[in-house]
$ cat coords.cif   # mmCIF, C-alpha atoms
data_run
loop_
_atom_site.group_PDB
_atom_site.id
_atom_site.type_symbol
_atom_site.label_atom_id
_atom_site.label_comp_id
_atom_site.auth_asym_id
_atom_site.auth_seq_id
_atom_site.Cartn_x
_atom_site.Cartn_y
_atom_site.Cartn_z
ATOM 1 C CA MET A 1 6.566 15.810 13.810
ATOM 2 C CA LYS A 2 4.662 12.559 14.119
ATOM 3 C CA LEU A 3 2.293 11.893 11.242
ATOM 4 C CA VAL A 4 -0.051 8.943 10.914
ATOM 5 C CA LEU A 5 -1.579 8.127 7.532
ATOM 6 C CA ILE A 6 -4.795 6.125 7.589
ATOM 7 C CA GLY A 7 -6.779 4.819 4.637
ATOM 8 C CA ILE A 8 -7.919 1.595 3.061
ATOM 9 C CA GLN A 9 -5.455 -0.406 0.993
ATOM 10 C CA GLY A 10 -5.040 1.410 -2.318
ATOM 11 C CA ALA A 11 -5.682 4.886 -0.865
ATOM 12 C CA GLY A 12 -2.150 6.026 -1.740
ATOM 13 C CA LYS A 13 -0.633 6.028 1.746
ATOM 14 C CA SER A 14 2.815 4.869 0.657
ATOM 15 C CA THR A 15 2.930 7.339 -2.253
ATOM 16 C CA GLN A 16 2.015 10.207 0.072
ATOM 17 C CA GLY A 17 4.240 8.879 2.861
ATOM 18 C CA ASN A 18 7.282 9.028 0.596
ATOM 19 C CA LEU A 19 6.415 12.533 -0.649
ATOM 20 C CA LEU A 20 5.868 13.774 2.910
ATOM 21 C CA SER A 21 9.139 12.179 4.012
ATOM 22 C CA GLU A 22 10.974 14.241 1.400
ATOM 23 C CA LYS A 23 9.151 17.447 2.346
ATOM 24 C CA TYR A 24 9.564 17.191 6.110
ATOM 25 C CA ASN A 25 12.862 15.272 6.105
ATOM 26 C CA ILE A 26 11.554 12.609 8.475
ATOM 27 C CA PRO A 27 11.458 8.870 7.788
ATOM 28 C CA TYR A 28 8.452 7.055 6.414
ATOM 29 C CA LEU A 29 7.561 3.770 8.087
ATOM 30 C CA SER A 30 4.927 1.282 6.978
ATOM 31 C CA SER A 31 3.639 -1.243 9.483
ATOM 32 C CA GLY A 32 2.760 -3.463 6.529
ATOM 33 C CA HIS A 33 6.381 -3.445 5.388
ATOM 34 C CA ILE A 34 7.519 -4.395 8.892
ATOM 35 C CA PHE A 35 5.058 -7.277 8.999
ATOM 36 C CA ARG A 36 5.968 -8.462 5.475
ATOM 37 C CA GLN A 37 9.650 -8.442 6.430
ATOM 38 C CA MET A 38 8.831 -10.427 9.546
ATOM 39 C CA ALA A 39 6.777 -12.875 7.443
ATOM 40 C CA LYS A 40 9.894 -13.653 5.389
ATOM 41 C CA SER A 41 11.780 -14.791 8.465
ATOM 42 C CA LYS A 42 12.013 -18.528 8.990
ATOM 43 C CA THR A 43 10.773 -18.388 12.573
ATOM 44 C CA ALA A 44 7.527 -19.662 14.079
ATOM 45 C CA LEU A 45 6.376 -16.055 14.547
ATOM 46 C CA GLY A 46 7.353 -15.233 10.954
ATOM 47 C CA ARG A 47 5.315 -18.155 9.608
ATOM 48 C CA TRP A 48 2.357 -17.155 11.800
ATOM 49 C CA VAL A 49 2.549 -13.538 10.559
ATOM 50 C CA LYS A 50 2.716 -14.734 6.939
ATOM 51 C CA GLU A 51 -0.359 -16.953 7.349
ATOM 52 C CA THR A 52 -2.265 -14.168 9.135
ATOM 53 C CA ILE A 53 -1.468 -11.555 6.458
ATOM 54 C CA ASN A 54 -2.144 -13.882 3.537
ATOM 55 C CA ALA A 55 -5.567 -14.736 4.986
ATOM 56 C CA GLY A 56 -6.377 -11.009 5.091
ATOM 57 C CA PHE A 57 -6.544 -10.717 8.878
ATOM 58 C CA LEU A 58 -5.049 -7.960 11.028
ATOM 59 C CA ILE A 59 -2.094 -8.701 13.285
ATOM 60 C CA PRO A 60 -3.490 -8.754 16.875
ATOM 61 C CA ASP A 61 -3.138 -5.549 18.899
ATOM 62 C CA ASP A 62 -0.536 -6.777 21.349
ATOM 63 C CA LYS A 63 1.820 -8.106 18.635
ATOM 64 C CA ALA A 64 1.365 -5.067 16.386
ATOM 65 C CA LEU A 65 1.985 -2.672 19.285
ATOM 66 C CA GLU A 66 5.112 -4.497 20.347
ATOM 67 C CA VAL A 67 6.608 -4.515 16.839
ATOM 68 C CA VAL A 68 5.728 -0.951 15.806
ATOM 69 C CA ILE A 69 6.698 0.750 19.056
ATOM 70 C CA GLU A 70 9.975 -1.172 19.149
ATOM 71 C CA TYR A 71 10.757 0.062 15.630
ATOM 72 C CA LEU A 72 9.898 3.642 16.548
ATOM 73 C CA LYS A 73 12.387 3.573 19.431
ATOM 74 C CA LYS A 74 15.218 3.416 16.889
ATOM 75 C CA PRO A 75 17.376 6.594 16.667
ATOM 76 C CA GLU A 76 16.244 7.387 13.097
ATOM 77 C CA TYR A 77 12.702 8.049 14.368
ATOM 78 C CA GLU A 78 13.711 10.283 17.285
ATOM 79 C CA LYS A 79 12.929 13.571 15.464
ATOM 80 C CA GLY A 80 9.683 12.322 13.997
ATOM 81 C CA PHE A 81 8.196 9.914 11.500
ATOM 82 C CA ILE A 82 5.419 9.257 9.065
ATOM 83 C CA LEU A 83 3.597 6.060 9.926
ATOM 84 C CA ASP A 84 1.303 4.215 7.559
ATOM 85 C CA GLY A 85 -1.045 1.428 8.600
ATOM 86 C CA PHE A 86 -1.014 1.892 12.352
ATOM 87 C CA PRO A 87 -2.928 2.237 14.650
ATOM 88 C CA ARG A 88 -5.786 0.137 13.319
ATOM 89 C CA THR A 89 -7.807 -0.360 16.489
ATOM 90 C CA VAL A 90 -8.783 1.882 19.415
ATOM 91 C CA PRO A 91 -6.617 -0.029 21.938
ATOM 92 C CA GLN A 92 -3.643 0.459 19.590
ATOM 93 C CA ALA A 93 -4.489 4.165 19.236
ATOM 94 C CA LYS A 94 -4.657 4.638 23.007
ATOM 95 C CA ALA A 95 -1.327 2.866 23.591
ATOM 96 C CA PHE A 96 0.246 4.732 20.674
ATOM 97 C CA GLU A 97 -0.969 8.057 22.094
ATOM 98 C CA LYS A 98 0.894 7.288 25.331
ATOM 99 C CA PHE A 99 4.031 6.522 23.309
ATOM 100 C CA THR A 100 3.799 9.760 21.257
ATOM 101 C CA GLN A 101 2.572 11.805 24.238
ATOM 102 C CA GLY A 102 -0.417 12.882 22.128
ATOM 103 C CA GLU A 103 1.727 14.667 19.534
ATOM 104 C CA GLU A 104 0.610 12.669 16.510
ATOM 105 C CA ILE A 105 -1.316 14.229 13.625
ATOM 106 C CA VAL A 106 -3.623 11.752 11.904
ATOM 107 C CA ILE A 107 -4.513 12.118 8.235
ATOM 108 C CA LEU A 108 -7.264 10.038 6.640
ATOM 109 C CA ILE A 109 -6.724 9.654 2.900
ATOM 110 C CA ASP A 110 -10.331 9.036 1.973
ATOM 111 C CA VAL A 111 -11.116 6.896 -1.090
ATOM 112 C CA SER A 112 -14.113 4.732 -1.915
ATOM 113 C CA ASP A 113 -13.866 0.942 -1.828
ATOM 114 C CA LYS A 114 -14.497 0.897 -5.582
ATOM 115 C CA GLU A 115 -11.607 3.308 -6.248
ATOM 116 C CA ALA A 116 -9.257 1.333 -3.972
ATOM 117 C CA LEU A 117 -10.093 -1.982 -5.674
ATOM 118 C CA TRP A 118 -9.605 -0.384 -9.103
ATOM 119 C CA ARG A 119 -6.180 0.971 -8.088
ATOM 120 C CA ILE A 120 -5.043 -2.313 -6.552
ATOM 121 C CA SER A 121 -6.204 -4.357 -9.551
ATOM 122 C CA GLY A 122 -3.869 -2.233 -11.708
ATOM 123 C CA ARG A 123 -0.790 -3.153 -9.661
ATOM 124 C CA GLU A 124 1.618 -5.931 -10.451
ATOM 125 C CA ALA A 125 0.467 -8.912 -8.389
ATOM 126 C CA ASP A 126 3.827 -9.626 -6.760
ATOM 127 C CA ARG A 127 2.537 -10.066 -3.223
ATOM 128 C CA GLU A 128 0.760 -13.160 -1.955
ATOM 129 C CA ASP A 129 -1.458 -10.999 0.275
ATOM 130 C CA GLU A 130 -2.961 -9.089 -2.685
ATOM 131 C CA THR A 131 -5.520 -11.640 -3.807
ATOM 132 C CA LEU A 132 -8.974 -10.155 -4.369
ATOM 133 C CA LYS A 133 -10.339 -12.160 -1.439
ATOM 134 C CA ALA A 134 -7.590 -10.929 0.944
ATOM 135 C CA ILE A 135 -7.981 -7.317 -0.245
ATOM 136 C CA ARG A 136 -11.759 -7.332 0.254
ATOM 137 C CA LYS A 137 -11.302 -8.865 3.703
ATOM 138 C CA ARG A 138 -8.867 -6.069 4.668
ATOM 139 C CA ILE A 139 -11.226 -3.402 3.334
ATOM 140 C CA ASP A 140 -14.089 -4.884 5.371
ATOM 141 C CA LEU A 141 -11.863 -5.039 8.465
ATOM 142 C CA PHE A 142 -10.820 -1.425 7.880
ATOM 143 C CA HIS A 143 -14.429 -0.292 7.958
ATOM 144 C CA GLU A 144 -15.259 -2.497 10.924
ATOM 145 C CA LYS A 145 -12.254 -1.701 13.149
ATOM 146 C CA THR A 146 -10.440 1.363 11.876
ATOM 147 C CA SER A 147 -13.540 3.551 11.595
ATOM 148 C CA LYS A 148 -13.607 3.495 15.410
ATOM 149 C CA VAL A 149 -10.000 4.745 15.429
ATOM 150 C CA LEU A 150 -11.074 7.643 13.214
ATOM 151 C CA ASP A 151 -13.843 8.492 15.694
ATOM 152 C CA TYR A 152 -11.288 8.359 18.528
ATOM 153 C CA TYR A 153 -8.908 10.772 16.770
ATOM 154 C CA SER A 154 -11.757 13.004 15.618
ATOM 155 C CA GLU A 155 -12.818 13.512 19.243
ATOM 156 C CA ARG A 156 -9.233 14.570 20.037
ATOM 157 C CA LYS A 157 -9.312 17.097 17.160
ATOM 158 C CA HIS A 158 -6.152 15.643 15.656
ATOM 159 C CA LEU A 159 -7.799 14.072 12.619
ATOM 160 C CA ALA A 160 -7.804 15.667 9.196
ATOM 161 C CA VAL A 161 -9.562 14.173 6.191
ATOM 162 C CA VAL A 162 -8.194 14.597 2.668
ATOM 163 C CA ASP A 163 -10.001 13.521 -0.502
ATOM 164 C CA GLY A 164 -7.759 10.762 -1.855
ATOM 165 C CA GLU A 165 -9.503 10.542 -5.222
ATOM 166 C CA GLN A 166 -7.721 13.626 -6.561
ATOM 167 C CA SER A 167 -4.374 13.728 -8.376
ATOM 168 C CA VAL A 168 -1.309 12.685 -6.356
ATOM 169 C CA GLN A 169 -0.162 16.321 -6.181
ATOM 170 C CA ALA A 170 -3.585 17.596 -5.074
ATOM 171 C CA VAL A 171 -3.738 14.965 -2.315
ATOM 172 C CA PHE A 172 -0.201 15.905 -1.228
ATOM 173 C CA ASN A 173 -1.058 19.624 -1.167
ATOM 174 C CA GLY A 174 -4.203 18.859 0.857
ATOM 175 C CA ILE A 175 -2.233 16.846 3.408
ATOM 176 C CA VAL A 176 0.454 19.527 3.759
ATOM 177 C CA ALA A 177 -2.201 22.225 4.271
ATOM 178 C CA LYS A 178 -3.921 20.156 6.991
ATOM 179 C CA VAL A 179 -0.622 19.328 8.734
ATOM 180 C CA GLU A 180 0.412 22.984 8.750
ATOM 181 C CA GLN A 181 -3.012 24.013 10.076
ATOM 182 C CA ILE A 182 -2.939 21.486 12.942
ATOM 183 C CA SER A 183 0.724 22.268 13.735
ATOM 184 C CA ALA A 184 -0.073 25.992 13.945
ATOM 185 C CA LYS A 185 -2.974 25.311 16.352
ATOM 186 C CA ASP A 186 -0.736 23.102 18.516
ATOM 187 C CA LYS A 187 1.942 25.814 18.658
ATOM 188 C CA LYS A 188 -0.657 28.368 19.793
ATOM 189 C CA LYS A 189 -1.872 25.975 22.512
ATOM 190 C CA SER A 190 1.710 25.387 23.688
ATOM 191 C CA LYS A 191 2.347 29.138 23.962
ATOM 192 C CA LYS A 192 -0.868 29.662 25.952
ATOM 193 C CA THR A 193 -0.086 26.899 28.419
ATOM 194 C CA ALA A 194 3.519 28.132 28.801
ATOM 195 C CA LYS A 195 2.348 31.606 29.949
#
$ encode --input "coords.cif" --output "structure tokens"
Amino acid sequence: MKLVLIGIQGAGKSTQGNLLSEKYNIPYLSSGHIFRQMAKSKTALGRWVKETINAGFLIPDDKALEVVIEYLKKPEYEKGFILDGFPRTVPQAKAFEKFTQGEEIVILIDVSDKEALWRISGREADREDETLKAIRKRIDLFHEKTSKVLDYYSERKHLAVVDGEQSVQAVFNGIVAKVEQISAKDKKKSKKTAK
């Protein structure tokens, strides 16, 4: 199973990713975590990533693709994964689809900008990239770039939308129901094409 969680910062992707990881016994991977780890490295690329993230910009497609796909080639992701924060652009989505052979299920955890900002403002400010200015920039970029990714996945009928402004458990139950529904449809398609 290959799940992709999409939503603006503060939508609850990491909370749901960890819950889904327990349920389906597949690892949860955050592209943001990968990039933050890279930003800690004392290399030229690490410094560049840190400056890019702290300014609220997205990592360019080619660099993000290279890093995420390389991570997903590791043995622990062979049987599936839950990915948060990637793909963020249509070119990334198209390249990622080739990598997954079109088997990914994409879940949008839908929350309003106001709700996301309220949730983030309640967090401990232990990350340099969580200034109000950087957060607003990422939310604007999400709407500008990632909305096109949602259109792309919607056309493929592999996108499910879950109301992220419910309780954690209600969001989780909604995601599981959508995943099961899409998985069942895919199994029916596979049986038809095998005949």
$ closest_atom_pairs --input "coords.cif" --of "segment 75-135 of chain A" --to "segment 28-35 of chain A" --cutoff "10 Å" --atoms "all atoms listed in the file" --output "Markdown table"
| residue | atom | partner | partner_atom | distance |
| --- | --- | --- | --- | --- |
| A:Tyr77 | CA | A:Tyr28 | CA | 9.1 |
| A:Gly80 | CA | A:Tyr28 | CA | 9.3 |
| A:Phe81 | CA | A:Tyr28 | CA | 5.8 |
| A:Ile82 | CA | A:Tyr28 | CA | 4.6 |
| A:Leu83 | CA | A:Leu29 | CA | 4.9 |
| A:Asp84 | CA | A:Ser30 | CA | 4.7 |
| A:Gly85 | CA | A:Ser31 | CA | 5.5 |
| A:Phe86 | CA | A:Ser31 | CA | 6.3 |
| A:Pro87 | CA | A:Ser31 | CA | 9.1 |
$ residues_around --input "coords.cif" --residues "segment 135-150 of chain A" --least-positions-apart "4" --cutoff "7 Å" --atoms "all atoms listed in the file" --output "PyMOL selection string"
chain A and resi 8-9+56-57+88-90+93+130-131+154
$ write_last_selection --input "coords.cif" --atoms "C-alpha atoms" --output "short mmCIF file (atom, residue, chain, number, x, y, z; two decimals), in the frame of the given file"
data_model
loop_
_atom_site.label_atom_id
_atom_site.label_comp_id
_atom_site.auth_asym_id
_atom_site.auth_seq_id
_atom_site.Cartn_x
_atom_site.Cartn_y
_atom_site.Cartn_z
CA ILE A 8 -7.92 1.60 3.06
CA GLN A 9 -5.46 -0.41 0.99
CA GLY A 56 -6.38 -11.01 5.09
CA PHE A 57 -6.54 -10.72 8.88
CA ARG A 88 -5.79 0.14 13.32
CA THR A 89 -7.81 -0.36 16.49
CA VAL A 90 -8.78 1.88 19.42
CA ALA A 93 -4.49 4.16 19.24
CA GLU A 130 -2.96 -9.09 -2.68
CA THR A 131 -5.52 -11.64 -3.81
CA SER A 154 -11.76 13.00 15.62
#
$ closest_residue --input "coords.cif" --among "A:Arg156, A:Lys23, A:Lys63, A:Arg36" --to "Glu51 of chain A" --atoms "only C-alpha atoms"
A:Arg36
$ closest_residue --input "coords.cif" --among "A:Ile26, A:Val179, A:Leu45, A:Met38" --to "Val68 of chain A" --atoms "all atoms listed in the file"
A:Met38
$ residues_around --input "coords.cif" --residues "Glu165 of chain A" --least-positions-apart "2" --cutoff "7 Å" --atoms "only C-alpha atoms" --output "list in words"
Val111, Asp163 and Ser167 of chain A
$ resolve_selection --input "coords.cif" --expression "the PyMOL selection byres ((chain A and resi 116) around 12)" --output "PyMOL selection string"
chain A and resi 7-13+109-115+117-123+132+135-136+138-139+164-165
$ atom_distance --input "coords.cif" --atom1 "atom CA of Leu159 of chain A" --atom2 "atom CA of Leu3 of chain A"
10.4 Å
$ residues_around --input "coords.cif" --residues "Pro91 of chain A" --least-positions-apart "4" --cutoff "10 Å" --atoms "all atoms listed in the file" --output "VMD selection string"
chain A and resid 61 to 62 65 87 95 to 97 149
$ atom_distance --input "coords.cif" --atom1 "atom CA of His158 of chain A" --atom2 "atom CA of Leu72 of chain A"
20.1 Å
$ atom_distance --input "coords.cif" --atom1 "atom CA of Val4 of chain A" --atom2 "atom CA of Gly17 of chain A"
9.1 Å
$ residues_around --input "coords.cif" --residues "Lys157 of chain A" --least-positions-apart "4" --cutoff "10 Å" --atoms "all atoms listed in the file" --output "PyMOL selection string"
chain A and resi 105-106+151-153+182
$ resolve_selection --input "coords.cif" --expression "the PyMOL selection byres ((chain A and resi 174-178) around 9)" --output "count of residues only"
18
